[in-house]
$ cat query.tsv   # TSV, C-alpha atoms and all ligand atoms
chain	number	residue	atom	x	y	z
A	677	MET	CA	148.67	103.52	-5.52
A	678	GLN	CA	149.07	104.58	-1.88
A	679	PRO	CA	152.63	104.90	-0.57
A	680	SER	CA	153.78	102.01	1.64
A	681	THR	CA	154.51	102.49	5.35
A	682	LEU	CA	158.25	102.49	4.67
A	683	GLU	CA	157.90	105.07	1.90
A	684	LEU	CA	155.89	107.34	4.20
A	685	MET	CA	158.49	106.89	6.95
A	686	GLN	CA	161.26	107.81	4.51
A	687	GLN	CA	159.37	110.91	3.34
A	688	MET	CA	158.74	112.17	6.88
A	689	GLY	CA	161.98	110.95	8.45
A	690	HIS	CA	160.64	108.41	10.95
A	691	GLU	CA	162.90	106.01	12.83
A	692	GLN	CA	160.39	103.30	13.64
A	693	VAL	CA	156.71	102.40	13.44
A	694	ALA	CA	155.29	99.52	15.51
A	695	PHE	CA	151.90	97.82	15.08
A	696	CYS	CA	149.93	95.66	17.48
A	697	GLN	CA	146.62	93.86	17.08
A	698	ASP	CA	144.90	91.73	19.67
A	699	PRO	CA	141.57	90.01	18.91
A	700	HIS	CA	140.74	89.38	22.61
A	701	THR	CA	140.65	93.03	23.62
A	702	GLY	CA	140.00	94.57	20.17
A	703	LEU	CA	143.27	96.50	20.32
A	704	ASN	CA	144.50	97.81	16.96
A	705	ALA	CA	147.41	100.11	17.72
A	706	ILE	CA	150.11	102.01	15.86
A	707	ILE	CA	153.03	103.64	17.66
A	708	ALA	CA	155.06	106.03	15.51
A	709	ILE	CA	158.52	107.03	16.69
A	710	HIS	CA	159.76	109.96	14.66
A	711	ASN	CA	163.05	110.94	16.24
A	712	THR	CA	164.97	110.00	19.40
A	713	VAL	CA	168.07	112.16	18.96
A	714	LEU	CA	167.23	114.25	22.03
A	715	GLY	CA	165.80	111.45	24.16
A	716	PRO	CA	162.98	108.90	24.31
A	717	SER	CA	160.02	109.74	22.11
A	718	LEU	CA	157.04	111.08	24.01
A	719	GLY	CA	153.52	111.82	22.84
A	720	GLY	CA	149.94	111.02	23.73
A	721	THR	CA	147.75	108.06	22.87
A	722	ARG	CA	144.73	108.96	20.73
A	723	VAL	CA	141.72	106.67	20.28
A	724	TRP	CA	139.84	107.49	17.10
A	725	ASN	CA	137.46	105.77	14.72
A	726	TYR	CA	139.54	106.37	11.58
A	727	ALA	CA	137.94	105.91	8.16
A	728	SER	CA	140.85	103.63	7.15
A	729	HIS	CA	144.05	102.11	8.51
A	730	GLN	CA	145.98	104.35	6.12
A	731	ASP	CA	144.36	107.46	7.68
A	732	ALA	CA	145.36	106.22	11.14
A	733	LEU	CA	148.94	105.61	10.02
A	734	VAL	CA	149.27	109.04	8.40
A	735	ASP	CA	147.84	110.69	11.52
A	736	ALA	CA	150.35	108.84	13.75
A	737	LEU	CA	153.23	109.83	11.46
A	738	ARG	CA	152.17	113.48	11.23
A	739	LEU	CA	151.48	113.86	14.96
A	740	SER	CA	154.72	112.16	16.05
A	741	ARG	CA	156.77	114.43	13.78
A	742	GLY	CA	154.97	117.43	15.33
A	743	MET	CA	156.03	116.22	18.78
A	744	THR	CA	159.71	116.11	17.72
A	745	TYR	CA	159.54	119.80	16.78
A	746	LYS	CA	157.56	120.81	19.87
A	747	SER	CA	159.95	119.18	22.33
A	748	ALA	CA	163.07	120.27	20.45
A	749	LEU	CA	162.00	123.93	20.44
A	750	ALA	CA	160.95	123.76	24.10
A	751	GLY	CA	164.51	122.71	24.99
A	752	LEU	CA	163.42	119.30	26.28
A	753	ASN	CA	165.49	116.13	26.10
A	754	LEU	CA	162.65	114.23	24.51
A	755	GLY	CA	161.97	112.95	21.03
A	756	GLY	CA	158.75	112.80	19.07
A	757	GLY	CA	156.31	109.92	19.25
A	758	LYS	CA	152.58	109.31	19.10
A	759	ALA	CA	150.21	106.38	19.35
A	760	VAL	CA	146.89	105.97	17.62
A	761	LEU	CA	144.42	103.27	18.58
A	762	ILE	CA	141.85	102.52	15.92
A	763	GLY	CA	138.17	102.15	16.86
A	764	ASP	CA	135.28	103.54	18.86
A	765	ALA	CA	136.57	104.62	22.28
A	766	SER	CA	133.16	104.22	23.92
A	767	LYS	CA	133.03	100.53	22.95
A	768	LEU	CA	136.68	99.54	23.37
A	769	LYS	CA	137.99	101.12	26.53
A	770	ASN	CA	138.25	98.80	29.57
A	771	GLU	CA	140.93	97.51	31.93
A	772	ALA	CA	142.03	94.58	29.72
A	773	TYR	CA	142.24	96.80	26.63
A	774	TRP	CA	144.49	99.31	28.36
A	775	ARG	CA	146.66	96.67	30.01
A	776	ARG	CA	147.19	94.92	26.67
A	777	TYR	CA	148.14	98.30	25.20
A	778	GLY	CA	150.45	98.89	28.21
A	779	ARG	CA	152.31	95.67	27.35
A	780	PHE	CA	152.73	96.89	23.77
A	781	VAL	CA	154.20	100.18	25.03
A	782	ASN	CA	156.47	98.22	27.38
A	783	SER	CA	157.75	96.05	24.53
A	784	LEU	CA	159.48	99.13	23.09
A	785	ASN	CA	161.70	99.31	26.21
A	786	GLY	CA	161.29	103.03	26.82
A	787	LYS	CA	161.90	104.22	23.28
A	788	TYR	CA	158.30	105.51	23.44
A	789	ILE	CA	156.66	107.03	26.52
A	790	THR	CA	152.94	107.58	26.40
A	791	ALA	CA	150.53	110.19	27.80
A	792	GLU	CA	146.91	111.37	27.50
A	793	ASP	CA	145.43	112.64	24.26
A	794	VAL	CA	142.05	112.66	22.51
A	795	ASN	CA	139.67	110.11	24.13
A	796	THR	CA	142.12	109.02	26.81
A	797	SER	CA	142.01	109.86	30.51
A	798	LYS	CA	144.04	109.74	33.70
A	799	THR	CA	142.27	106.48	34.65
A	800	ASP	CA	143.33	104.93	31.34
A	801	MET	CA	146.94	105.96	32.14
A	802	GLU	CA	146.59	104.19	35.50
A	803	TYR	CA	145.68	100.91	33.75
A	804	ILE	CA	148.54	101.31	31.27
A	805	GLY	CA	150.81	101.96	34.26
A	806	MET	CA	150.00	98.47	35.63
A	807	GLU	CA	151.95	96.98	32.71
A	808	THR	CA	154.66	99.54	31.98
A	809	LYS	CA	156.59	102.33	33.66
A	810	PHE	CA	156.75	104.22	30.36
A	811	VAL	CA	153.58	106.22	30.97
A	812	THR	CA	153.05	109.82	32.10
A	813	GLY	CA	150.05	112.03	32.83
A	814	LYS	CA	149.16	109.84	35.79
A	815	PRO	CA	146.93	111.30	38.53
A	816	GLU	CA	148.56	113.50	41.13
A	817	TYR	CA	147.88	110.96	43.92
A	818	MET	CA	150.13	108.53	42.00
A	819	GLY	CA	152.99	111.04	41.79
A	820	GLY	CA	151.89	112.17	38.34
A	821	SER	CA	151.35	115.69	37.04
A	822	GLY	CA	147.58	115.37	36.48
A	823	ASP	CA	145.72	117.46	33.91
A	824	PRO	CA	148.23	119.32	31.66
A	825	SER	CA	145.70	121.97	30.54
A	826	PRO	CA	146.42	124.60	33.25
A	827	LEU	CA	150.11	124.52	32.28
A	828	THR	CA	149.28	124.65	28.57
A	829	SER	CA	147.09	127.71	29.21
A	830	TYR	CA	149.81	129.37	31.27
A	831	GLY	CA	152.23	128.92	28.37
A	832	VAL	CA	149.69	130.37	25.95
A	833	TYR	CA	149.25	133.34	28.30
A	834	MET	CA	153.04	133.92	28.39
A	835	GLY	CA	153.32	133.62	24.60
A	836	MET	CA	150.42	136.04	24.21
A	837	LYS	CA	152.11	138.57	26.49
A	838	ALA	CA	155.29	138.31	24.38
A	839	ALA	CA	153.27	138.92	21.22
A	840	ALA	CA	151.59	141.93	22.85
A	841	LYS	CA	155.02	143.35	23.70
A	842	LYS	CA	156.07	142.96	20.09
A	843	ALA	CA	152.85	144.37	18.62
A	844	PHE	CA	151.94	147.10	21.12
A	845	GLY	CA	155.25	147.82	22.89
A	846	SER	CA	153.92	146.53	26.24
A	847	ASP	CA	152.97	143.09	27.50
A	848	ASP	CA	150.27	144.50	29.76
A	849	LEU	CA	147.01	142.93	28.60
A	850	SER	CA	144.67	145.20	30.58
A	851	GLY	CA	142.10	146.77	28.28
A	852	ARG	CA	143.15	144.56	25.34
A	853	LYS	CA	140.31	142.97	23.40
A	854	VAL	CA	140.98	139.22	23.23
A	855	LEU	CA	138.79	136.67	21.49
A	856	VAL	CA	139.23	133.13	22.82
A	857	GLN	CA	137.78	130.62	20.35
A	858	GLY	CA	136.91	127.46	22.29
A	859	ALA	CA	135.87	127.53	25.95
A	860	GLY	CA	137.24	124.05	26.72
A	861	ASN	CA	140.11	123.15	29.03
A	862	VAL	CA	142.79	125.37	27.52
A	863	GLY	CA	140.44	128.27	26.66
A	864	ARG	CA	138.87	128.42	30.11
A	865	TYR	CA	142.13	128.57	32.10
A	866	LEU	CA	143.47	131.11	29.62
A	867	MET	CA	140.39	133.31	30.13
A	868	GLU	CA	141.00	133.25	33.88
A	869	TYR	CA	144.44	134.84	33.37
A	870	LEU	CA	143.03	137.39	30.93
A	871	VAL	CA	140.10	138.44	33.13
A	872	LYS	CA	142.46	138.77	36.11
A	873	ASP	CA	144.68	141.06	34.01
A	874	GLY	CA	141.72	143.29	33.08
A	875	ALA	CA	141.52	142.30	29.41
A	876	LYS	CA	138.19	142.63	27.59
A	877	VAL	CA	137.49	138.97	26.84
A	878	TYR	CA	135.17	137.55	24.17
A	879	THR	CA	134.54	133.87	23.64
A	880	SER	CA	132.80	131.54	21.25
A	881	ASP	CA	132.10	127.81	21.50
A	882	ILE	CA	129.81	125.51	19.53
A	883	ASN	CA	129.00	123.73	22.79
A	884	GLU	CA	126.61	125.94	24.78
A	885	SER	CA	127.24	124.18	28.07
A	886	LYS	CA	130.93	125.14	27.88
A	887	VAL	CA	130.00	128.79	27.39
A	888	LYS	CA	127.57	128.64	30.33
A	889	GLU	CA	130.26	127.17	32.60
A	890	VAL	CA	132.66	129.97	31.70
A	891	LEU	CA	130.03	132.71	32.14
A	892	ALA	CA	129.07	131.34	35.55
A	893	MET	CA	132.69	131.80	36.66
A	894	MET	CA	133.48	134.99	34.73
A	895	PRO	CA	130.30	136.98	33.98
A	896	SER	CA	132.21	139.89	32.39
A	897	ILE	CA	133.03	137.74	29.33
A	898	GLU	CA	131.05	138.47	26.16
A	899	VAL	CA	129.84	135.65	23.95
A	900	VAL	CA	130.16	135.88	20.16
A	901	ASP	CA	128.43	133.65	17.58
A	902	SER	CA	130.88	131.16	16.05
A	903	ASP	CA	130.23	132.42	12.51
A	904	LYS	CA	130.71	136.10	13.49
A	905	ILE	CA	134.06	135.99	15.26
A	906	PHE	CA	136.03	137.52	12.40
A	907	ASP	CA	133.58	140.45	12.08
A	908	LEU	CA	134.93	141.63	15.40
A	909	GLU	CA	137.73	144.21	15.69
A	910	MET	CA	140.08	142.85	18.31
A	911	ASP	CA	143.67	143.08	19.51
A	912	ILE	CA	144.32	139.36	19.87
A	913	TYR	CA	142.72	136.26	18.39
A	914	ALA	CA	143.36	133.15	20.51
A	915	PRO	CA	142.39	129.93	18.68
A	916	CYS	CA	141.82	127.31	21.39
A	917	ALA	CA	139.49	124.89	19.61
A	918	LEU	CA	140.32	123.19	16.33
A	919	GLY	CA	143.19	123.32	13.85
A	920	ALA	CA	143.27	125.11	10.47
A	921	THR	CA	141.26	128.15	11.63
A	922	VAL	CA	143.93	130.41	10.12
A	923	ASN	CA	143.30	130.03	6.41
A	924	THR	CA	142.89	132.14	3.28
A	925	GLU	CA	139.27	132.99	4.06
A	926	THR	CA	139.76	133.90	7.73
A	927	ILE	CA	142.99	135.85	7.17
A	928	GLY	CA	141.09	137.93	4.61
A	929	LYS	CA	138.53	138.86	7.27
A	930	MET	CA	140.79	139.22	10.31
A	931	LYS	CA	140.93	142.60	12.02
A	932	CYS	CA	143.56	141.87	14.67
A	933	PRO	CA	147.33	142.45	14.91
A	934	VAL	CA	148.07	139.27	16.93
A	935	ILE	CA	147.24	135.56	16.80
A	936	ALA	CA	148.22	133.71	19.99
A	937	GLY	CA	146.29	130.60	21.00
A	938	GLY	CA	146.66	127.01	22.15
A	939	ALA	CA	145.14	124.95	19.31
A	940	ASN	CA	147.35	122.53	17.38
A	941	ASN	CA	148.01	123.00	13.65
A	942	GLN	CA	146.45	126.48	13.46
A	943	LEU	CA	147.74	127.32	9.98
A	944	ALA	CA	145.79	125.42	7.30
A	945	ASP	CA	148.96	125.43	5.16
A	946	GLU	CA	152.08	126.87	6.79
A	947	ASN	CA	153.80	127.58	3.46
A	948	VAL	CA	150.86	129.66	2.24
A	949	HIS	CA	149.42	131.18	5.39
A	950	GLY	CA	152.69	131.90	7.25
A	951	PRO	CA	153.80	134.39	4.55
A	952	MET	CA	150.23	135.71	4.18
A	953	LEU	CA	150.19	136.72	7.86
A	954	VAL	CA	153.51	138.55	7.46
A	955	GLU	CA	152.10	140.44	4.47
A	956	LYS	CA	149.05	141.47	6.49
A	957	GLY	CA	151.24	142.57	9.41
A	958	ILE	CA	149.77	140.03	11.83
A	959	ILE	CA	152.09	138.67	14.52
A	960	TYR	CA	151.61	134.91	14.82
A	961	VAL	CA	152.99	132.90	17.73
A	962	PRO	CA	153.75	129.43	16.27
A	963	ASP	CA	151.34	126.87	17.71
A	964	PHE	CA	153.96	124.29	18.67
A	965	LEU	CA	155.92	126.98	20.54
A	966	ILE	CA	153.04	128.54	22.47
A	967	ASN	CA	151.19	125.33	23.40
A	968	ALA	CA	154.23	123.40	24.69
A	969	GLY	CA	153.22	123.88	28.36
A	970	GLY	CA	151.59	120.44	28.49
A	971	ILE	CA	154.63	118.55	27.22
A	972	ILE	CA	156.96	120.62	29.41
A	973	ASN	CA	154.81	119.66	32.41
A	974	ILE	CA	155.04	115.99	31.47
A	975	SER	CA	158.81	116.15	30.99
A	976	ILE	CA	159.04	117.33	34.59
A	977	GLU	CA	156.88	114.40	35.72
A	978	ILE	CA	159.55	112.06	34.29
A	979	ASP	CA	162.21	113.65	36.53
A	980	GLY	CA	159.96	113.66	39.63
A	981	TYR	CA	157.13	116.16	39.55
A	982	ASN	CA	157.48	119.63	41.01
A	983	ARG	CA	154.71	122.12	40.17
A	984	GLU	CA	156.79	125.24	40.84
A	985	ARG	CA	159.50	124.02	38.51
A	986	ALA	CA	156.85	123.25	35.90
A	987	TYR	CA	155.46	126.83	35.97
A	988	ASN	CA	158.97	128.25	35.92
A	989	THR	CA	159.99	126.22	32.89
A	990	VAL	CA	156.76	126.99	31.02
A	991	SER	CA	157.25	130.74	31.61
A	992	LYS	CA	160.29	130.57	29.28
A	993	ILE	CA	157.83	130.46	26.38
A	994	TYR	CA	157.77	134.27	26.74
A	995	ASP	CA	161.47	134.75	25.87
A	996	ARG	CA	161.41	132.00	23.27
A	997	ALA	CA	158.56	133.72	21.44
A	998	LEU	CA	160.41	137.07	21.46
A	999	GLN	CA	163.51	135.32	20.04
A	1000	ILE	CA	161.48	133.76	17.24
A	1001	PHE	CA	159.85	137.11	16.34
A	1002	ASP	CA	163.34	138.66	16.10
A	1003	THR	CA	164.77	135.81	14.03
A	1004	ALA	CA	161.83	135.87	11.63
A	1005	GLU	CA	162.17	139.63	11.17
A	1006	ARG	CA	165.95	139.47	10.71
A	1007	GLU	CA	165.75	136.66	8.19
A	1008	GLY	CA	162.71	138.04	6.37
A	1009	THR	CA	160.68	134.93	6.96
A	1010	HIS	CA	157.51	133.95	8.84
A	1011	THR	CA	157.46	132.91	12.48
A	1012	GLN	CA	156.33	129.31	11.87
A	1013	LEU	CA	159.32	128.68	9.60
A	1014	ALA	CA	161.72	130.45	11.97
A	1015	ALA	CA	160.46	128.22	14.81
A	1016	MET	CA	160.83	125.06	12.72
A	1017	GLN	CA	164.37	126.01	11.75
A	1018	ALA	CA	165.28	126.70	15.38
A	1019	ALA	CA	164.01	123.23	16.33
A	1020	GLU	CA	165.93	121.60	13.45
A	1021	LYS	CA	169.11	123.45	14.42
A	1022	ARG	CA	168.91	122.12	17.99
A	1023	LEU	CA	168.31	118.58	16.69
A	1024	ASN	CA	171.31	118.78	14.34
A	1025	ASP	CA	173.60	120.35	16.95
A	1026	ILE	CA	172.79	117.73	19.60
A	1027	ALA	CA	173.06	114.89	17.07
A	1028	LYS	CA	176.64	116.06	16.44
A	1029	VAL	CA	177.34	116.22	20.18
A	1030	HIS	CA	176.15	112.63	20.53
A	1031	THR	CA	178.08	111.23	17.59
A	1032	GLY	CA	181.16	113.44	18.06
A	1033	LEU	CA	181.26	114.09	14.31
B	1	LIG	P1	138.63	120.77	24.71
B	1	LIG	O1	137.97	119.69	23.95
B	1	LIG	O2	138.54	120.79	26.19
B	1	LIG	O3	138.11	122.21	24.19
B	1	LIG	C1	137.92	122.54	22.86
B	1	LIG	C2	136.63	123.36	22.78
B	1	LIG	O4	136.51	123.86	21.46
B	1	LIG	C3	135.38	122.54	23.08
B	1	LIG	O5	134.65	123.17	24.12
B	1	LIG	C4	134.62	122.55	21.75
B	1	LIG	O6	133.21	122.58	21.91
B	1	LIG	C5	135.13	123.84	21.13
B	1	LIG	N1	134.96	123.93	19.68
B	1	LIG	C6	135.05	122.96	18.74
B	1	LIG	N2	134.84	123.48	17.53
B	1	LIG	C7	134.60	124.80	17.68
B	1	LIG	C8	134.32	125.87	16.80
B	1	LIG	N3	134.22	125.69	15.49
B	1	LIG	N4	134.14	127.11	17.32
B	1	LIG	C9	134.22	127.31	18.65
B	1	LIG	N5	134.49	126.34	19.54
B	1	LIG	C10	134.67	125.10	19.06
B	1	LIG	O7	140.16	120.75	24.23
B	1	LIG	P2	141.41	121.46	24.92
B	1	LIG	O8	142.14	120.45	25.75
B	1	LIG	O9	140.98	122.75	25.53
B	1	LIG	O10	142.32	121.73	23.66
B	1	LIG	C11	142.05	122.82	22.78
B	1	LIG	C12	143.10	122.85	21.68
B	1	LIG	O11	144.40	122.97	22.25
B	1	LIG	C13	143.15	121.59	20.81
B	1	LIG	O12	143.52	121.97	19.50
B	1	LIG	C14	144.27	120.78	21.44
B	1	LIG	O13	144.84	119.88	20.51
B	1	LIG	C15	145.23	121.89	21.82
B	1	LIG	N6	146.16	121.54	22.90
B	1	LIG	C16	145.69	121.19	24.12
B	1	LIG	C17	146.60	120.87	25.12
B	1	LIG	C18	146.12	120.54	26.52
B	1	LIG	O14	146.95	120.50	27.44
B	1	LIG	N7	144.83	120.33	26.75
B	1	LIG	C19	147.98	120.90	24.88
B	1	LIG	C20	148.44	121.27	23.61
B	1	LIG	C21	147.51	121.58	22.61
$ encode --input "query.tsv" --output "structure tokens"
Amino acid sequence: MQPSTLELMQQMGHEQVAFCQDPHTGLNAIIAIHNTVLGPSLGGTRVWNYASHQDALVDALRLSRGMTYKSALAGLNLGGGKAVLIGDASKLKNEAYWRRYGRFVNSLNGKYITAEDVNTSKTDMEYIGMETKFVTGKPEYMGGSGDPSPLTSYGVYMGMKAAAKKAFGSDDLSGRKVLVQGAGNVGRYLMEYLVKDGAKVYTSDINESKVKEVLAMMPSIEVVDSDKIFDLEMDIYAPCALGATVNTETIGKMKCPVIAGGANNQLADENVHGPMLVEKGIIYVPDFLINAGGIINISIEIDGYNRERAYNTVSKIYDRALQIFDTAEREGTHTQLAAMQAAEKRLNDIAKVHTGL
């Protein structure tokens, strides 16, 4: 028998899960609020055609917990939340759908603040914003912070430089061979930094048009077949496409001392592959540390957006990564675990501050 919603919430430590269905607009929504110790929960809204309602629920629970850790480690006063909307985005999305969803978000009185995610856009955020103020990622002309990808890529670049310092004794990336897997939003902006720094950049994407776009802008980049990327000897592997690309098979093939990329959930199983990377001497920058630029950018939108402040705050990913490498080394553990423990420590410390106990 499948565990009930409450049992899943107990297992993963969630505070609240809210459901909403509306036959007029076809809205079937789940908002998962994992933890609000540091502040209101914030996380994107994902529209996905899930195989079952249980799959959608588990995704919302897993993603919202991930947001708690990401914001806690980034030093933000935000908790973890996420919304999943069940169904085919191309058939469902229209003004009424988003405004109905906006009212659902509003009914939580600010305990959950939403943003863009898979299959949602700035325009969708505008519609949501007609019904609630608890929405971020609005277009720049509305006082929002716009597309978070440039800031995410900048954070990945800073985390990569920190890893280079640790691995090679210098954070100068000129001449370094870097493979960027995924030439989408995050990958492309990251490649711009790398090319500017004089790195030797390789890329691979299953979508040819993405590769063409990148080559038109940066002709020095070399393209590698998706199934040959781990045959390459490189200095840095930057996963910027899907999750779980760091697994038993790929670690076995990898010929690189550093993994530093923007994708979410890079380790197929953190308990297995975190230690495996340590054994192989590969420096891994935890995904939720290095790709926090987007959420940091959004947190600044809440206070009143200032781009310079956003870049400044994201640049701190460099020092944070160095601290996590040191902690992991000192405690004889892997970097993903060290990062999770640092996030948990901040949550516990601030919970005590709030309760005075
Ligand atoms: P995107 O969809 O713009 O780009 C992803 C690219 O990866 C696409 O071009 C796709 O064709 C390619 N791809 C898919 N499978 C591939 C494969 N097997 N091999 C090579 N390429 C493949 O997405 P994005 O916004 O650039 O996000 C990339 C990753 O970063 C995702 O994991 C996302 O969750 C994560 N992330 C993004 C942000 C952000 O601000 N955009 C923030 C945090 C985390």
$ residues_near_point --input "query.tsv" --point "(141.8, 141.6, 14.6)" --cutoff "7 Å" --atoms "all atoms listed in the file" --output "CSV table (one decimal) with C-alpha atoms, in the coordinates of the input"
chain,number,residue,atom,x,y,z
A,908,LEU,CA,134.9,141.6,15.4
A,909,GLU,CA,137.7,144.2,15.7
A,910,MET,CA,140.1,142.8,18.3
A,911,ASP,CA,143.7,143.1,19.5
A,912,ILE,CA,144.3,139.4,19.9
A,913,TYR,CA,142.7,136.3,18.4
A,930,MET,CA,140.8,139.2,10.3
A,931,LYS,CA,140.9,142.6,12.0
A,932,CYS,CA,143.6,141.9,14.7
A,933,PRO,CA,147.3,142.4,14.9
$ residues_around --input "query.tsv" --residues "A:Leu827" --least-positions-apart "3" --cutoff "8 Å" --atoms "only C-alpha atoms" --output "list in words"
Pro824, Tyr830, Gly831, Gly969, Gly970, Asn973, Ala986, Tyr987 and Val990 of chain A
$ residues_near_ligand --input "query.tsv" --ligand "ligand LIG 1 (chain B)" --cutoff "7 Å" --atoms "all atoms listed in the file" --output "number ranges by chain"
A: 824-825, 828, 857-863, 880-883, 886, 902, 916-919, 938-940, 967-970
$ residues_around --input "query.tsv" --residues "A:Ile972" --least-positions-apart "4" --cutoff "12 Å" --atoms "only C-alpha atoms" --output "ChimeraX atom specification"
/A:718-719,743,746-754,812-813,821,824-828,830-831,964-968,976-979,981-983,985-993
$ residues_around --input "query.tsv" --residues "A:Met1016" --least-positions-apart "4" --cutoff "7 Å" --atoms "all atoms listed in the file" --output "PyMOL selection string"
chain A and resi 745+1012+1020
$ residues_around --input "query.tsv" --residues "A:Ile959" --least-positions-apart "2" --cutoff "12 Å" --atoms "all atoms listed in the file" --output "ChimeraX atom specification"
/A:835-844,911-914,932-937,950-957,961-962,997-998,1000-1002,1004-1005,1010-1012
$ atom_distance --input "query.tsv" --atom1 "atom CA of A:Asn725" --atom2 "atom CA of A:Met685"
22.4 Å
$ atom_distance --input "query.tsv" --atom1 "atom CA of A:Arg775" --atom2 "atom CA of A:Ile804"
5.2 Å
$ residues_around --input "query.tsv" --residues "A:Val871" --least-positions-apart "2" --cutoff "10 Å" --atoms "all atoms listed in the file" --output "PyMOL selection string"
chain A and resi 849-851+854+866-869+873-877+894-897
$ closest_residue --input "query.tsv" --among "A:Val890, A:Ile974, A:Ala765, A:Val713" --to "A:Thr1031" --atoms "all atoms listed in the file"
A:Val713
$ atom_distance --input "query.tsv" --atom1 "atom CA of A:Ala772" --atom2 "atom CA of A:Gly786"
21.2 Å
$ closest_residue --input "query.tsv" --among "A:Val781, A:Val723, A:Met688, A:Ile905" --to "A:Leu737" --atoms "all atoms listed in the file"
A:Met688
$ axis_aligned_box --input "query.tsv" --around "stretch 999-1011 of chain A" --padding-each-side "6 Å" --output "JSON"
{"center_x": 161.7, "center_y": 136.3, "center_z": 13.2, "size_x": 20.5, "size_y": 18.7, "size_z": 25.7}
$ residues_near_point --input "query.tsv" --point "(146.6, 108.0, 12.8)" --cutoff "9 Å" --atoms "all atoms listed in the file" --output "PyMOL selection string"
chain A and resi 706+722+724+726+729-739+758-762
$ write_last_selection --input "query.tsv" --atoms "C-alpha atoms" --output "PDB file, keeping the file's coordinate frame"
ATOM      1  CA  ILE A 706     150.110 102.010  15.860  1.00  0.00           C
ATOM      2  CA  ARG A 722     144.730 108.960  20.730  1.00  0.00           C
ATOM      3  CA  TRP A 724     139.840 107.490  17.100  1.00  0.00           C
ATOM      4  CA  TYR A 726     139.540 106.370  11.580  1.00  0.00           C
ATOM      5  CA  HIS A 729     144.050 102.110   8.510  1.00  0.00           C
ATOM      6  CA  GLN A 730     145.980 104.350   6.120  1.00  0.00           C
ATOM      7  CA  ASP A 731     144.360 107.460   7.680  1.00  0.00           C
ATOM      8  CA  ALA A 732     145.360 106.220  11.140  1.00  0.00           C
ATOM      9  CA  LEU A 733     148.940 105.610  10.020  1.00  0.00           C
ATOM     10  CA  VAL A 734     149.270 109.040   8.400  1.00  0.00           C
ATOM     11  CA  ASP A 735     147.840 110.690  11.520  1.00  0.00           C
ATOM     12  CA  ALA A 736     150.350 108.840  13.750  1.00  0.00           C
ATOM     13  CA  LEU A 737     153.230 109.830  11.460  1.00  0.00           C
ATOM     14  CA  ARG A 738     152.170 113.480  11.230  1.00  0.00           C
ATOM     15  CA  LEU A 739     151.480 113.860  14.960  1.00  0.00           C
ATOM     16  CA  LYS A 758     152.580 109.310  19.100  1.00  0.00           C
ATOM     17  CA  ALA A 759     150.210 106.380  19.350  1.00  0.00           C
ATOM     18  CA  VAL A 760     146.890 105.970  17.620  1.00  0.00           C
ATOM     19  CA  LEU A 761     144.420 103.270  18.580  1.00  0.00           C
ATOM     20  CA  ILE A 762     141.850 102.520  15.920  1.00  0.00           C
TER      21      ILE A 762
END
$ closest_residue --input "query.tsv" --among "A:Leu714, A:Thr701, A:Gly720, A:Ala708" --to "A:Ala1027" --atoms "all atoms listed in the file"
A:Leu714
